[in-house]
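One file, structure01.csv, is given below (CSV, C-alpha atoms and all ligand atoms).
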chain,number,residue,atom,x,y,z
O,1,MET,CA,27.5,31.4,7.8
O,2,LYS,CA,28.4,29.3,10.8
O,3,ALA,CA,30.5,26.2,10.3
O,4,ALA,CA,31.0,23.3,12.7
O,5,VAL,CA,34.2,21.3,12.4
O,6,LEU,CA,33.9,17.8,13.8
O,7,GLN,CA,37.1,16.4,15.2
O,8,ILE,CA,36.9,12.6,15.8
O,9,THR,CA,38.9,9.5,16.3
O,10,SER,CA,37.3,7.1,13.8
O,11,SER,CA,37.8,3.4,14.5
O,12,ASP,CA,37.8,0.7,11.8
O,13,ASN,CA,34.1,0.0,12.7
O,14,PRO,CA,31.9,2.1,10.3
O,15,ALA,CA,28.6,1.5,12.3
O,16,GLU,CA,30.2,2.9,15.5
O,17,ASN,CA,31.7,5.9,13.7
O,18,LEU,CA,28.3,6.7,12.0
O,19,GLU,CA,26.5,6.7,15.3
O,20,LEU,CA,28.9,9.2,16.8
O,21,VAL,CA,28.9,11.5,13.8
O,22,GLU,CA,25.1,11.5,13.6
O,23,ARG,CA,25.0,12.6,17.2
O,24,MET,CA,27.6,15.3,16.6
O,25,ILE,CA,25.7,16.7,13.5
O,26,ALA,CA,22.5,17.0,15.6
O,27,ASP,CA,24.5,18.8,18.3
O,28,ALA,CA,26.2,21.1,15.8
O,29,ALA,CA,22.9,22.0,14.1
O,30,ALA,CA,21.4,22.7,17.5
O,31,GLN,CA,24.2,25.2,18.1
O,32,GLY,CA,23.4,27.0,14.9
O,33,ALA,CA,25.8,25.5,12.4
O,34,THR,CA,24.7,25.8,8.7
O,35,LEU,CA,27.8,23.9,7.4
O,36,VAL,CA,29.1,20.8,9.2
O,37,CYS,CA,32.5,19.3,8.2
O,38,THR,CA,33.9,15.9,9.0
O,39,PRO,CA,37.4,14.6,8.5
O,40,GLU,CA,39.0,12.2,6.0
O,41,VAL,CA,37.9,8.6,6.2
O,42,THR,CA,35.1,9.4,8.6
O,43,ASN,CA,33.7,5.9,8.1
O,44,CYS,CA,36.8,3.8,8.7
O,45,VAL,CA,40.5,4.4,9.7
O,46,SER,CA,42.3,1.2,8.8
O,47,MET,CA,45.3,0.1,6.9
O,48,ASN,CA,44.3,-3.5,6.9
O,49,ARG,CA,43.1,-4.1,3.3
O,50,ALA,CA,41.5,-7.5,4.2
O,51,HIS,CA,39.5,-5.9,6.9
O,52,GLN,CA,38.6,-2.9,4.6
O,53,SER,CA,37.4,-5.4,2.0
O,54,LYS,CA,34.9,-6.8,4.5
O,55,VAL,CA,33.5,-3.6,5.9
O,56,LEU,CA,33.7,-1.1,3.0
O,57,ASN,CA,30.9,-0.8,0.5
O,58,HIS,CA,30.1,0.7,-2.9
O,59,GLN,CA,28.8,4.2,-2.8
O,60,ASP,CA,25.3,3.1,-3.7
O,61,GLU,CA,25.0,0.7,-0.8
O,62,ASP,CA,27.1,2.5,1.8
O,63,PRO,CA,25.2,2.9,5.2
O,64,THR,CA,27.4,5.8,6.3
O,65,LEU,CA,26.6,7.8,3.2
O,66,LYS,CA,22.9,6.9,3.6
O,67,GLY,CA,22.8,7.8,7.3
O,68,LEU,CA,24.7,11.1,7.0
O,69,ARG,CA,22.6,12.2,4.0
O,70,GLU,CA,19.6,11.6,6.2
O,71,SER,CA,21.2,13.6,9.1
O,72,ALA,CA,21.9,16.6,6.7
O,73,ARG,CA,18.3,16.5,5.6
O,74,GLU,CA,16.8,16.1,9.1
O,75,HIS,CA,18.8,19.0,10.5
O,76,GLY,CA,18.7,21.1,7.3
O,77,VAL,CA,22.5,21.7,7.1
O,78,TRP,CA,25.1,21.5,4.4
O,79,LEU,CA,27.4,18.6,5.2
O,80,SER,CA,31.0,18.1,4.0
O,81,ILE,CA,31.8,14.4,4.6
O,82,GLY,CA,35.5,14.9,4.4
O,83,SER,CA,35.8,11.5,2.9
O,84,LEU,CA,34.6,7.9,2.9
O,85,ALA,CA,36.6,4.9,2.1
O,86,LEU,CA,34.5,3.1,-0.5
O,87,GLN,CA,34.8,0.1,-2.9
O,88,GLY,CA,34.7,0.7,-6.6
O,89,GLY,CA,38.1,2.1,-7.6
O,90,ALA,CA,40.2,1.1,-10.6
O,91,ASP,CA,42.0,-2.3,-10.4
O,92,GLY,CA,39.8,-3.5,-7.5
O,93,ARG,CA,41.1,-0.8,-5.2
O,94,PHE,CA,39.1,1.5,-2.9
O,95,VAL,CA,38.4,5.2,-3.5
O,96,ASN,CA,39.0,8.0,-1.0
O,97,ARG,CA,35.9,10.1,-1.8
O,98,SER,CA,34.7,13.4,-0.4
O,99,PHE,CA,31.0,14.4,-0.5
O,100,LEU,CA,29.2,17.7,-0.2
O,101,ILE,CA,25.6,17.0,0.8
O,102,ASN,CA,23.0,19.8,0.6
O,103,PRO,CA,20.3,20.5,3.2
O,104,SER,CA,17.8,18.3,1.4
O,105,GLY,CA,20.2,15.4,1.8
O,106,GLU,CA,21.2,15.3,-1.9
O,107,ILE,CA,24.7,14.7,-3.1
O,108,ALA,CA,25.8,18.1,-4.4
O,109,ALA,CA,29.4,17.1,-5.3
O,110,THR,CA,31.9,14.3,-5.0
O,111,TYR,CA,35.7,14.4,-5.2
O,112,ASP,CA,38.2,11.5,-5.3
O,113,LYS,CA,41.5,12.3,-3.6
O,114,ILE,CA,44.1,12.9,-6.3
O,115,HIS,CA,47.4,12.7,-4.5
O,116,MET,CA,48.3,9.4,-2.8
O,117,PHE,CA,50.2,9.3,0.5
O,118,ASP,CA,53.0,6.9,-0.5
O,119,VAL,CA,55.5,8.0,2.1
O,120,GLN,CA,58.0,6.7,4.6
O,121,VAL,CA,57.4,9.1,7.5
O,122,SER,CA,60.1,7.6,9.7
O,123,GLU,CA,62.0,4.4,10.0
O,124,THR,CA,59.0,2.7,11.6
O,125,GLU,CA,56.1,4.5,9.9
O,126,THR,CA,55.3,3.9,6.3
O,127,TYR,CA,52.2,4.6,4.2
O,128,ALA,CA,51.2,3.1,0.9
O,129,GLU,CA,47.9,4.7,0.1
O,130,SER,CA,48.0,3.9,-3.6
O,131,SER,CA,48.2,0.1,-2.8
O,132,GLY,CA,44.7,0.4,-1.4
O,133,TYR,CA,43.2,3.3,-3.1
O,134,ALA,CA,42.9,4.4,-6.8
O,135,PRO,CA,43.6,8.1,-7.2
O,136,GLY,CA,41.2,10.6,-8.8
O,137,SER,CA,42.3,13.0,-11.5
O,138,ARG,CA,39.6,15.8,-11.5
O,139,ALA,CA,39.5,19.0,-9.4
O,140,VAL,CA,36.1,19.7,-8.1
O,141,LEU,CA,34.5,23.1,-7.2
O,142,ALA,CA,31.0,22.9,-5.6
O,143,ASP,CA,28.3,25.6,-5.4
O,144,MET,CA,26.9,26.1,-1.9
O,145,GLY,CA,24.7,29.1,-2.9
O,146,ASP,CA,26.4,31.9,-1.0
O,147,ALA,CA,29.9,30.4,-1.5
O,148,LYS,CA,31.9,28.2,-3.8
O,149,ILE,CA,33.8,25.4,-2.2
O,150,GLY,CA,36.9,23.7,-3.5
O,151,LEU,CA,37.3,20.1,-2.4
O,152,THR,CA,40.6,18.5,-1.5
O,153,ILE,CA,41.7,15.7,0.9
O,154,CYS,CA,44.6,15.5,3.3
O,155,TYR,CA,47.9,14.9,1.4
O,156,ASP,CA,46.5,17.1,-1.5
O,157,LEU,CA,47.4,20.0,0.9
O,158,ARG,CA,51.0,19.7,-0.2
O,159,PHE,CA,50.2,20.4,-3.9
O,160,PRO,CA,49.6,24.2,-4.2
O,161,HIS,CA,48.7,24.2,-7.9
O,162,LEU,CA,45.5,22.3,-7.0
O,163,HIS,CA,44.4,25.0,-4.6
O,164,ARG,CA,45.4,27.8,-7.0
O,165,THR,CA,43.3,26.1,-9.7
O,166,LEU,CA,40.3,26.0,-7.4
O,167,ALA,CA,40.8,29.6,-6.3
O,168,LYS,CA,41.1,30.9,-9.9
O,169,ALA,CA,37.9,28.9,-10.7
O,170,GLY,CA,36.1,30.9,-8.0
O,171,ALA,CA,36.5,29.1,-4.7
O,172,ASP,CA,35.8,31.1,-1.5
O,173,ILE,CA,36.4,28.2,0.8
O,174,ILE,CA,38.8,25.3,0.4
O,175,LEU,CA,38.1,22.1,2.4
O,176,ALA,CA,41.1,20.1,3.6
O,177,PRO,CA,39.6,17.2,5.6
O,178,SER,CA,42.5,15.1,6.9
O,179,ALA,CA,43.9,12.2,8.8
O,180,PHE,CA,47.4,13.7,9.1
O,181,SER,CA,50.1,11.7,10.7
O,182,ALA,CA,51.1,12.9,14.2
O,183,VAL,CA,54.7,13.3,13.1
O,184,THR,CA,54.2,15.3,9.9
O,185,GLY,CA,51.3,17.2,11.5
O,186,ALA,CA,53.5,18.6,14.3
O,187,ALA,CA,56.1,19.6,11.6
O,188,HIS,CA,54.0,20.9,8.7
O,189,TRP,CA,50.2,21.0,9.3
O,190,GLU,CA,49.5,24.6,10.4
O,191,THR,CA,52.1,26.1,8.0
O,192,LEU,CA,50.7,24.3,5.0
O,193,LEU,CA,47.1,25.3,5.8
O,194,ARG,CA,48.0,28.9,6.4
O,195,ALA,CA,50.1,29.1,3.2
O,196,ARG,CA,47.3,27.7,1.1
O,197,ALA,CA,44.9,30.2,2.6
O,198,ILE,CA,47.3,33.1,2.1
O,199,GLU,CA,48.2,32.1,-1.5
O,200,THR,CA,44.6,31.7,-2.6
O,201,GLY,CA,42.7,34.3,-0.5
O,202,CYS,CA,40.3,31.5,0.5
O,203,PHE,CA,39.0,30.4,3.9
O,204,VAL,CA,40.5,27.0,4.6
O,205,ILE,CA,38.5,24.5,6.7
O,206,ALA,CA,40.4,21.5,7.8
O,207,ALA,CA,38.5,18.9,9.8
O,208,ALA,CA,40.9,16.4,11.2
O,209,GLN,CA,41.1,12.9,12.7
O,210,THR,CA,42.8,12.9,16.1
O,211,GLY,CA,44.5,10.6,18.6
O,212,THR,CA,45.1,6.9,18.7
O,213,HIS,CA,42.7,4.9,16.4
O,214,SER,CA,41.7,1.6,17.9
O,215,THR,CA,41.5,-1.3,15.4
O,216,GLN,CA,40.2,-4.8,15.6
O,217,SER,CA,42.7,-5.5,12.9
O,218,GLY,CA,46.2,-4.4,12.2
O,219,LYS,CA,48.3,-1.9,14.2
O,220,SER,CA,46.9,1.2,15.7
O,221,ARG,CA,47.6,4.6,14.2
O,222,GLN,CA,48.2,8.1,15.5
O,223,THR,CA,46.7,11.2,13.9
O,224,TYR,CA,47.5,14.8,14.7
O,225,GLY,CA,44.2,16.5,15.3
O,226,HIS,CA,44.3,20.3,15.5
O,227,SER,CA,41.4,20.8,13.1
O,228,LEU,CA,41.9,24.3,11.9
O,229,VAL,CA,40.0,27.1,10.3
O,230,VAL,CA,42.1,29.8,8.6
O,231,SER,CA,41.0,33.2,7.2
O,232,PRO,CA,41.9,34.4,3.7
O,233,TRP,CA,44.5,36.6,5.4
O,234,GLY,CA,46.1,33.6,7.0
O,235,GLU,CA,44.8,34.0,10.6
O,236,VAL,CA,44.0,30.9,12.5
O,237,LEU,CA,40.3,31.5,13.5
O,238,ALA,CA,40.0,28.2,15.4
O,239,ASP,CA,42.3,25.3,16.5
O,240,ALA,CA,40.5,22.3,17.9
O,241,GLY,CA,43.6,21.1,19.8
O,242,SER,CA,43.9,17.3,20.2
O,243,ALA,CA,40.6,16.3,21.9
O,244,SER,CA,37.6,15.2,19.9
O,245,GLY,CA,34.6,17.5,19.7
O,246,ILE,CA,32.8,20.3,17.8
O,247,THR,CA,34.4,23.6,16.9
O,248,LEU,CA,32.1,26.4,15.7
O,249,VAL,CA,33.3,29.3,13.6
O,250,ASP,CA,31.5,32.3,12.0
O,251,PHE,CA,32.4,33.3,8.5
O,252,ASP,CA,32.3,36.7,6.8
O,253,PHE,CA,32.7,36.2,3.1
O,254,ASN,CA,33.7,39.8,2.6
O,255,GLU,CA,37.1,38.7,4.0
O,256,VAL,CA,37.8,36.9,0.7
O,257,SER,CA,37.6,40.0,-1.5
O,258,LYS,CA,39.3,42.1,1.2
O,259,ALA,CA,42.3,39.8,1.4
O,260,ARG,CA,42.6,39.6,-2.4
O,261,LYS,CA,42.3,43.3,-2.8
O,262,ARG,CA,45.2,43.9,-0.4
O,263,ILE,CA,47.4,41.2,-2.1
O,264,PRO,CA,46.1,40.5,-5.6
O,265,ALA,CA,48.7,37.8,-6.2
O,266,LEU,CA,46.1,35.4,-7.6
O,267,THR,CA,45.8,37.7,-10.7
O,268,HIS,CA,49.6,38.2,-11.1
O,269,ASP,CA,50.7,34.8,-12.5
O,270,ARG,CA,53.1,35.2,-15.4
O,271,VAL,CA,54.0,32.6,-18.0
O,272,ILE,CA,57.6,31.7,-17.2
O,273,SER,CA,60.2,29.8,-19.3
O,274,GLY,CA,63.0,27.6,-18.1
O,275,PRO,CA,64.8,26.8,-16.0
Y,1,LIG,O1,44.4,5.3,4.7
Y,1,LIG,C1,43.4,5.8,5.2
Y,1,LIG,O2,42.7,5.3,6.1
Y,1,LIG,C2,42.9,7.1,4.7
Y,1,LIG,N1,44.0,7.9,4.1
Y,1,LIG,C3,44.8,8.6,4.9
Y,1,LIG,O3,44.8,8.6,6.1
Y,1,LIG,C4,45.8,9.3,4.1
Y,1,LIG,C5,46.7,8.3,3.4
Y,1,LIG,S1,47.5,7.1,4.5
Y,1,LIG,N2,46.6,10.1,4.9
Y,1,LIG,C6,47.2,11.2,4.5
Y,1,LIG,O4,47.1,11.6,3.3
Y,1,LIG,C7,48.1,11.9,5.5
Y,1,LIG,C8,49.0,13.0,4.9
Y,1,LIG,C9,50.0,13.4,5.8
Y,1,LIG,O5,50.1,13.0,7.0
Y,1,LIG,C10,51.1,14.3,5.3
Y,1,LIG,O6,51.0,14.9,4.2
Y,1,LIG,O7,52.0,14.6,6.1

This structure in structure tokens:
Amino acid sequence: MKAAVLQITSSDNPAENLELVERMIADAAAQGATLVCTPEVTNCVSMNRAHQSKVLNHQDEDPTLKGLRESAREHGVWLSIGSLALQGGADGRFVNRSFLINPSGEIAATYDKIHMFDVQVSETETYAESSGYAPGSRAVLADMGDAKIGLTICYDLRFPHLHRTLAKAGADIILAPSAFSAVTGAAHWETLLRARAIETGCFVIAAAQTGTHSTQSGKSRQTYGHSLVVSPWGEVLADAGSASGITLVDFDFNEVSKARKRIPALTHDRVISGP
């Protein structure tokens, strides 16, 4: 399998982002990709809830979902839409929802981000994701034919039990589409991704938002980039750096069983009491 990781700088204008990603999917497919992965909130990076209320849609009417399903079908690729910000969450909030689209353009799986980034990153940088988005509560493992894929989103990366649950349920690949903050990205991103891959014996594919996101509304925001693909042994197979673009990686799924045979930690959990 050949995967393409799309690294982009989404704005808060969904139509503009859709056009760019459609072109990149065509390009990735032309280069032989059979799985294409986009980052978290592909359709809209914004922390302005009033603006989001105007431009975000319910899943059934969302033009980004419609357009990207059509792209997957046209080019015959599996497509991980890392996430879309959509209307329709509990208490009038949005949802941060990941989609796996099959090569016929059908929705094979959806996953709502479970862990909300309610964090003060520094004195000047605070996030309150749960004020805008309602969290999900269900882990999702999708079947891609020759591989099983566990779906996670961004801040979920810091909760290893979710990844362990997915791996024990049979995941070969874990997706970690992200819009990581530049500050925490520099400190933690690669270490967390490699740890999740090593602990689970899964490939980890992390498509990331990068750079300075322009907004018509509200202040601009910096994301870390460095979309990463990590092998089940913890090697970084690709690092997209900070520019936007397409990164292609070949997968050998035998690496999953090889890594787990060398270190079978996934089968060595013990029930513990205390402390
Ligand atoms: O709000 C949106 O537009 C979409 N959601 C995000 O960008 C989310 C919540 S603000 N970002 C993260 O989870 C970053 C996590 C992170 O940076 C870390 O764990 O260090």

6 Å shell around ligand LIG 1 (chain Y) using only C-alpha atoms and all ligand atoms, listed as a PyMOL selection string: chain O and resi 41+45-47+117+127+129+154-155+179-181+184

List as an NGL selection string the residues having at least one atom at most 9 Å from position (32.2, 8.4, 20.2) as given in the file, counting all atoms listed in the file. :O and (8-10 or 16-17 or 19-21 or 23 or 244)

Expected axis-aligned box over every listed atom of range 87-104 of chain O, 6 Å added per side, centre plus edges in Å to one decimal, as JSON:
{"center_x": 29.9, "center_y": 8.5, "center_z": -3.7, "size_x": 36.2, "size_y": 36.0, "size_z": 25.8}

Quick one: residues within 10 Å of Thr247 in chain O, all atoms listed in the file counted, chain neighbours fewer than 4 positions away excluded, as a ChimeraX atom specification? /O:3-7,28,33,36-37,207,227-229,238-241

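CA of Leu141 in chain O to CA of Leu166 in chain O spans 6.5 Å [interatomic distance, one decimal].
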
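Distance check against Glu125 in chain O using only C-alpha atoms: of O:Thr34, O:Gln222, O:Ser83, O:Gln52, the minimum falls on O:Gln222.
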
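Candidate residues O:Gly225, O:Ser130, O:Asp62, O:Lys113 were compared for distance to Arg93 in chain O, and the nearest is O:Ser130, using only C-alpha atoms.
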
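Between CA of Thr64 in chain O and CA of Ala30 in chain O there is a distance of 21.1 Å.
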
Which residues come within 8 Å of Tyr224 in chain O, counting only C-alpha atoms, excluding same-chain residues fewer than 2 positions away, as JSON, numbers by chain? {"O": [179, 180, 181, 182, 183, 185, 186, 208, 209, 210, 211, 222, 226, 242]}

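The spacing separating CA of Thr38 in chain O from CA of Asp146 in chain O amounts to 20.3 Å.
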
Find the spatial neighbours of Arg221 in chain O, counting only C-alpha atoms, within a cut-off of 8 Å - ignore same-chain residues fewer than 3 positions away - and output them as a ChimeraX atom specification. /O:212-214

Residues near Cys202 in chain O, anyone? I mean within 9 Å using all atoms listed in the file, not counting same-chain ones fewer than 6 positions away, as a list in words. Ala167, Ala171, Asp172, Ile173, Ile174, Arg196, Val230, Ser231, Pro232, Trp233, Gly234, Glu255, Val256, Ala259 and Arg260 of chain O

At a cut-off of 9 Å, can you tabulate as CSV every residue of range 93-113 of chain O near range 65-73 of chain O together with its closest atom pair and the distance in Å to one decimal, using all atoms listed in the file and ordering rows by chain then number?
residue,atom,partner,partner_atom,distance
O:Phe99,CA,O:Leu65,CA,8.8
O:Ile101,CA,O:Arg69,CA,6.5
O:Asn102,CA,O:Ala72,CA,7.0
O:Pro103,CA,O:Arg73,CA,5.1
O:Ser104,CA,O:Arg73,CA,4.6
O:Gly105,CA,O:Arg73,CA,4.4
O:Glu106,CA,O:Arg69,CA,6.8
O:Ile107,CA,O:Arg69,CA,7.8

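If all atoms listed in the file are the atoms counted, then among O:Ile149, O:Val55, O:Ile205, O:Leu157 the closest residue to Thr191 in chain O is O:Leu157.
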
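Every protein, DNA or RNA residue with an atom at most 10 Å from Gly88 in chain O, where only C-alpha atoms count and chain neighbours fewer than 3 positions away do not, is listed here: Leu56, Asn57, His58, Gln59, Ala85, Asp91, Gly92, Arg93, Phe94, Val95, Tyr133 and Ala134 of chain O.
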
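Take the candidates O:Lys148, O:Lys258, O:Lys219, O:His188 and check each one against Gly170 in chain O using only C-alpha atoms; the shortest distance goes to O:Lys148.
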
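Comparing the minimum interatomic distances between Glu190 in chain O and each of O:Asn43, O:Leu100, O:Leu237, O:Ser131, counting all atoms listed in the file, we find that O:Leu237 sits nearest.
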
Assuming the input is short of atoms at range 236-272 of chain O, produce N, CA and C atoms for that part as a PDB file, in the coordinates of the input.
ATOM      1  N   VAL O 236      44.641  32.105  11.995  1.00  0.00           N
ATOM      2  CA  VAL O 236      44.000  30.900  12.500  1.00  0.00           C
ATOM      3  C   VAL O 236      42.759  31.342  13.319  1.00  0.00           C
ATOM      4  N   LEU O 237      41.566  31.050  12.786  1.00  0.00           N
ATOM      5  CA  LEU O 237      40.300  31.500  13.500  1.00  0.00           C
ATOM      6  C   LEU O 237      39.905  30.470  14.520  1.00  0.00           C
ATOM      7  N   ALA O 238      40.332  29.212  14.353  1.00  0.00           N
ATOM      8  CA  ALA O 238      40.000  28.200  15.400  1.00  0.00           C
ATOM      9  C   ALA O 238      41.002  27.045  15.241  1.00  0.00           C
ATOM     10  N   ASP O 239      41.365  26.501  16.400  1.00  0.00           N
ATOM     11  CA  ASP O 239      42.300  25.300  16.500  1.00  0.00           C
ATOM     12  C   ASP O 239      41.647  24.391  17.484  1.00  0.00           C
ATOM     13  N   ALA O 240      41.266  23.208  17.043  1.00  0.00           N
ATOM     14  CA  ALA O 240      40.500  22.300  17.900  1.00  0.00           C
ATOM     15  C   ALA O 240      41.411  21.535  18.898  1.00  0.00           C
ATOM     16  N   GLY O 241      42.711  21.771  18.858  1.00  0.00           N
ATOM     17  CA  GLY O 241      43.600  21.100  19.800  1.00  0.00           C
ATOM     18  C   GLY O 241      43.585  19.563  19.501  1.00  0.00           C
ATOM     19  N   SER O 242      43.796  18.745  20.531  1.00  0.00           N
ATOM     20  CA  SER O 242      43.900  17.300  20.200  1.00  0.00           C
ATOM     21  C   SER O 242      42.705  16.491  20.716  1.00  0.00           C
ATOM     22  N   ALA O 243      41.772  17.108  21.436  1.00  0.00           N
ATOM     23  CA  ALA O 243      40.600  16.300  21.900  1.00  0.00           C
ATOM     24  C   ALA O 243      39.561  16.245  20.788  1.00  0.00           C
ATOM     25  N   SER O 244      38.703  15.248  20.858  1.00  0.00           N
ATOM     26  CA  SER O 244      37.600  15.200  19.900  1.00  0.00           C
ATOM     27  C   SER O 244      36.512  16.152  20.329  1.00  0.00           C
ATOM     28  N   GLY O 245      35.718  16.606  19.364  1.00  0.00           N
ATOM     29  CA  GLY O 245      34.600  17.500  19.700  1.00  0.00           C
ATOM     30  C   GLY O 245      34.262  18.419  18.534  1.00  0.00           C
ATOM     31  N   ILE O 246      33.374  19.376  18.835  1.00  0.00           N
ATOM     32  CA  ILE O 246      32.800  20.300  17.800  1.00  0.00           C
ATOM     33  C   ILE O 246      33.424  21.666  17.996  1.00  0.00           C
ATOM     34  N   THR O 247      33.899  22.260  16.909  1.00  0.00           N
ATOM     35  CA  THR O 247      34.400  23.600  16.900  1.00  0.00           C
ATOM     36  C   THR O 247      33.540  24.484  16.013  1.00  0.00           C
ATOM     37  N   LEU O 248      32.982  25.572  16.519  1.00  0.00           N
ATOM     38  CA  LEU O 248      32.100  26.400  15.700  1.00  0.00           C
ATOM     39  C   LEU O 248      32.836  27.702  15.306  1.00  0.00           C
ATOM     40  N   VAL O 249      32.653  28.122  14.058  1.00  0.00           N
ATOM     41  CA  VAL O 249      33.300  29.300  13.600  1.00  0.00           C
ATOM     42  C   VAL O 249      32.331  30.130  12.686  1.00  0.00           C
ATOM     43  N   ASP O 250      32.293  31.452  12.888  1.00  0.00           N
ATOM     44  CA  ASP O 250      31.500  32.300  12.000  1.00  0.00           C
ATOM     45  C   ASP O 250      32.302  32.833  10.865  1.00  0.00           C
ATOM     46  N   PHE O 251      31.666  32.911   9.690  1.00  0.00           N
ATOM     47  CA  PHE O 251      32.400  33.300   8.500  1.00  0.00           C
ATOM     48  C   PHE O 251      31.803  34.651   7.963  1.00  0.00           C
ATOM     49  N   ASP O 252      32.706  35.526   7.536  1.00  0.00           N
ATOM     50  CA  ASP O 252      32.300  36.700   6.800  1.00  0.00           C
ATOM     51  C   ASP O 252      32.961  36.659   5.450  1.00  0.00           C
ATOM     52  N   PHE O 253      32.160  36.381   4.426  1.00  0.00           N
ATOM     53  CA  PHE O 253      32.700  36.200   3.100  1.00  0.00           C
ATOM     54  C   PHE O 253      33.353  37.416   2.500  1.00  0.00           C
ATOM     55  N   ASN O 254      33.064  38.590   3.070  1.00  0.00           N
ATOM     56  CA  ASN O 254      33.700  39.800   2.600  1.00  0.00           C
ATOM     57  C   ASN O 254      35.245  39.717   2.807  1.00  0.00           C
ATOM     58  N   GLU O 255      35.667  38.872   3.757  1.00  0.00           N
ATOM     59  CA  GLU O 255      37.100  38.700   4.000  1.00  0.00           C
ATOM     60  C   GLU O 255      37.851  38.208   2.775  1.00  0.00           C
ATOM     61  N   VAL O 256      37.148  37.458   1.930  1.00  0.00           N
ATOM     62  CA  VAL O 256      37.800  36.900   0.700  1.00  0.00           C
ATOM     63  C   VAL O 256      38.198  38.050  -0.205  1.00  0.00           C
ATOM     64  N   SER O 257      37.256  38.918  -0.542  1.00  0.00           N
ATOM     65  CA  SER O 257      37.600  40.000  -1.500  1.00  0.00           C
ATOM     66  C   SER O 257      38.540  41.007  -0.816  1.00  0.00           C
ATOM     67  N   LYS O 258      38.387  41.207   0.497  1.00  0.00           N
ATOM     68  CA  LYS O 258      39.300  42.100   1.200  1.00  0.00           C
ATOM     69  C   LYS O 258      40.744  41.644   1.112  1.00  0.00           C
ATOM     70  N   ALA O 259      40.961  40.380   1.389  1.00  0.00           N
ATOM     71  CA  ALA O 259      42.300  39.800   1.400  1.00  0.00           C
ATOM     72  C   ALA O 259      42.906  39.895  -0.051  1.00  0.00           C
ATOM     73  N   ARG O 260      42.065  39.588  -1.049  1.00  0.00           N
ATOM     74  CA  ARG O 260      42.600  39.600  -2.400  1.00  0.00           C
ATOM     75  C   ARG O 260      42.801  40.961  -2.977  1.00  0.00           C
ATOM     76  N   LYS O 261      42.092  41.945  -2.400  1.00  0.00           N
ATOM     77  CA  LYS O 261      42.300  43.300  -2.800  1.00  0.00           C
ATOM     78  C   LYS O 261      43.656  43.821  -2.245  1.00  0.00           C
ATOM     79  N   ARG O 262      43.934  43.424  -1.004  1.00  0.00           N
ATOM     80  CA  ARG O 262      45.200  43.900  -0.400  1.00  0.00           C
ATOM     81  C   ARG O 262      46.393  43.227  -1.093  1.00  0.00           C
ATOM     82  N   ILE O 263      46.284  41.936  -1.383  1.00  0.00           N
ATOM     83  CA  ILE O 263      47.400  41.200  -2.100  1.00  0.00           C
ATOM     84  C   ILE O 263      46.746  40.493  -3.284  1.00  0.00           C
ATOM     85  N   PRO O 264      46.773  41.115  -4.482  1.00  0.00           N
ATOM     86  CA  PRO O 264      46.100  40.500  -5.600  1.00  0.00           C
ATOM     87  C   PRO O 264      46.975  39.453  -6.359  1.00  0.00           C
ATOM     88  N   ALA O 265      47.768  38.705  -5.612  1.00  0.00           N
ATOM     89  CA  ALA O 265      48.700  37.800  -6.200  1.00  0.00           C
ATOM     90  C   ALA O 265      48.060  36.762  -7.161  1.00  0.00           C
ATOM     91  N   LEU O 266      46.809  36.444  -6.824  1.00  0.00           N
ATOM     92  CA  LEU O 266      46.100  35.400  -7.600  1.00  0.00           C
ATOM     93  C   LEU O 266      45.919  35.888  -9.080  1.00  0.00           C
ATOM     94  N   THR O 267      45.991  37.209  -9.307  1.00  0.00           N
ATOM     95  CA  THR O 267      45.800  37.700 -10.700  1.00  0.00           C
ATOM     96  C   THR O 267      47.185  38.083 -11.296  1.00  0.00           C
ATOM     97  N   HIS O 268      48.277  37.790 -10.583  1.00  0.00           N
ATOM     98  CA  HIS O 268      49.600  38.200 -11.100  1.00  0.00           C
ATOM     99  C   HIS O 268      50.462  37.086 -11.602  1.00  0.00           C
ATOM    100  N   ASP O 269      49.867  35.927 -11.876  1.00  0.00           N
ATOM    101  CA  ASP O 269      50.700  34.800 -12.500  1.00  0.00           C
ATOM    102  C   ASP O 269      51.230  35.282 -13.798  1.00  0.00           C
ATOM    103  N   ARG O 270      52.463  34.893 -14.067  1.00  0.00           N
ATOM    104  CA  ARG O 270      53.100  35.200 -15.400  1.00  0.00           C
ATOM    105  C   ARG O 270      53.552  33.864 -15.967  1.00  0.00           C
ATOM    106  N   VAL O 271      53.507  33.802 -17.276  1.00  0.00           N
ATOM    107  CA  VAL O 271      54.000  32.600 -18.000  1.00  0.00           C
ATOM    108  C   VAL O 271      55.549  32.693 -17.858  1.00  0.00           C
ATOM    109  N   ILE O 272      56.181  31.644 -17.380  1.00  0.00           N
ATOM    110  CA  ILE O 272      57.600  31.700 -17.200  1.00  0.00           C
ATOM    111  C   ILE O 272      58.274  30.603 -18.107  1.00  0.00           C
TER     112      ILE O 272
END
